[in-house]
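Below: the structure, in structure tokens.
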Amino acid sequence: LVRIREHRHAENVIGLMVARITRLPTQTRVFLGQMACMGSSVDLPTLCRVTQVEKKSLCRHLAPAVEAGLLVEDHQGYAFYHDRVQEAACELIAPEARPAEHVRIARILMADAYPEGLEPQRRAESIFSIASHLQRILPEDCFEAEREPFCELLIRAAQQALESAAIDAALGYVHTAATLIGKSCWERCPELARELGFVHAQCLLLEGEFEPAGRVVDELLNHVHGVVERAAIYVLKVELLVLACRYEDAVATAGEGLRLFGIHIPAHVTDMDVE
């Protein structure tokens, strides 16, 4: 009973805190909404870039939220006190306006996504952060010229996710990239389509979805003509066939791949050939 009362008390406290948002100054609410789109916590330099406000001015505008207990400030930046506070802050932006806000944030963050000297871990975090915004938009939310660089970043995010065995996350990035780039990607940007298809096939292979993976691989082979690129696809296809226990097909496919380089191995080897 004590725990139940404590839980109800905590819920009531959070509810009261959320209600305070409506009483904050207008500009403070604007910045809270932008921050909520970025996550539960944001470092100050990034928040300054996204809000396009200098540090001193931003801190002054966010001070009322800190005083109300809605934000927690530390040496790195700001964090929402509770998930429900962040949700309430996100609702300060109309649902129909949120995709445009995520695109705006993605544009700003992409400008600083690959600075020289940035350590790999920070770069990976930056890519994942931008990808999370791109997953909240549709093709019509951005300019056509932006879709290719957005897709390139999503492919990078999918590759990084695969390296960490986060297959579901990688598939999510792949599906978002495919939606942004559209069905005519092989005609407009074949290299991007090849990279996207290859990562997609890797994801499906690791998920044990052999038939869909096979269809993606066959599509790649139908469109890709470079010898080195086709060889990489054949390696993936052989791996797929082995995992699917189709060993004879795997051997035949390996032979096809080797013939790209002028290496011919007979399907049936006699004792004399071995000698």
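Just so we're on the same page: first chain in the structure tokens is A, next is B, and so on; residues restart at 1 for each chain, and ligands are numbered from 1 in the order they show up.
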| task | For Ala158 in chain A, list every protein, DNA or RNA residue within 12 Å, evaluated using only C-alpha atoms, and leave out those in the same chain fewer than 5 positions away; present the list as number ranges by chain. | result | A: 124, 127-128, 131-132, 151-153, 163-177, 195-203
| task | Would you mind listing what lies within 12 Å of range 138-141 of chain A as number ranges by chain, with only C-alpha atoms counted and same-chain residues fewer than 3 positions away left out? | result | A: 96-104, 106, 133-135, 144-148, 150-151, 175-182
Could the residues in this selection be saved with C-alpha atoms as an mmCIF file, in the first residue's frame?
```
data_model
loop_
_atom_site.group_PDB
_atom_site.id
_atom_site.type_symbol
_atom_site.label_atom_id
_atom_site.label_comp_id
_atom_site.auth_asym_id
_atom_site.auth_seq_id
_atom_site.Cartn_x
_atom_site.Cartn_y
_atom_site.Cartn_z
ATOM 1 C CA GLU A 96 1.556 18.473 -38.821
ATOM 2 C CA ALA A 97 4.561 20.756 -38.168
ATOM 3 C CA ARG A 98 6.802 18.133 -36.540
ATOM 4 C CA PRO A 99 8.159 16.548 -39.758
ATOM 5 C CA ALA A 100 9.312 19.963 -40.955
ATOM 6 C CA GLU A 101 11.014 20.523 -37.601
ATOM 7 C CA HIS A 102 12.814 17.172 -37.820
ATOM 8 C CA VAL A 103 13.986 18.007 -41.350
ATOM 9 C CA ARG A 104 15.237 21.388 -40.170
ATOM 10 C CA ALA A 106 18.596 17.104 -39.611
ATOM 11 C CA HIS A 133 15.169 12.604 -37.273
ATOM 12 C CA LEU A 134 15.054 11.289 -40.841
ATOM 13 C CA GLN A 135 12.939 8.352 -39.689
ATOM 14 C CA GLU A 144 14.367 16.306 -53.861
ATOM 15 C CA ALA A 145 18.041 17.314 -53.870
ATOM 16 C CA GLU A 146 18.265 16.406 -50.175
ATOM 17 C CA ARG A 147 16.987 12.859 -50.513
ATOM 18 C CA GLU A 148 20.226 11.331 -51.794
ATOM 19 C CA PHE A 150 19.790 11.774 -46.493
ATOM 20 C CA CYS A 151 19.789 8.230 -47.881
ATOM 21 C CA HIS A 175 13.257 1.014 -45.040
ATOM 22 C CA THR A 176 13.395 4.772 -44.393
ATOM 23 C CA ALA A 177 16.113 5.201 -47.026
ATOM 24 C CA ALA A 178 14.119 3.135 -49.543
ATOM 25 C CA THR A 179 11.050 5.302 -48.931
ATOM 26 C CA LEU A 180 13.009 8.522 -49.412
ATOM 27 C CA ILE A 181 14.864 7.438 -52.540
ATOM 28 C CA GLY A 182 11.821 5.967 -54.307
#
```
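Look at Pro190 in chain A: the protein and nucleic acid residues within 12 Å of it, using only C-alpha atoms and passing over chain neighbours fewer than 3 places away, are Glu148, Ile181, Lys183, Ser184, Cys185, Trp186, Glu187, Ala193, Arg194, Glu195, Leu196, Gly197, Leu220, Asn222, His223, Val224, His225 and Gly226 of chain A.
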| Per-residue DSSP, range 4-212 of chain A, filtered to alpha helix (DSSP H), as a PyMOL selection string | chain A and resi 4-20+26-38+44-51+55-67+83-90+98-110+120-134+144-163+167-181+185-188+190-206+210-212
| request: Measuring atom to atom with only C-alpha atoms, identify which of A:Cys37, A:Ala252, A:Val53, A:Val42 is nearest to Val72 in chain A. | output: A:Val42
| said: Set the distance at 9 Å and use only C-alpha atoms: which residues neighbour Ala88 in chain A once local chain neighbours fewer than 3 positions away are removed? I'd like the list as a ChimeraX atom specification. | reply: /A:18-19,21,33,36,83-85,91-92
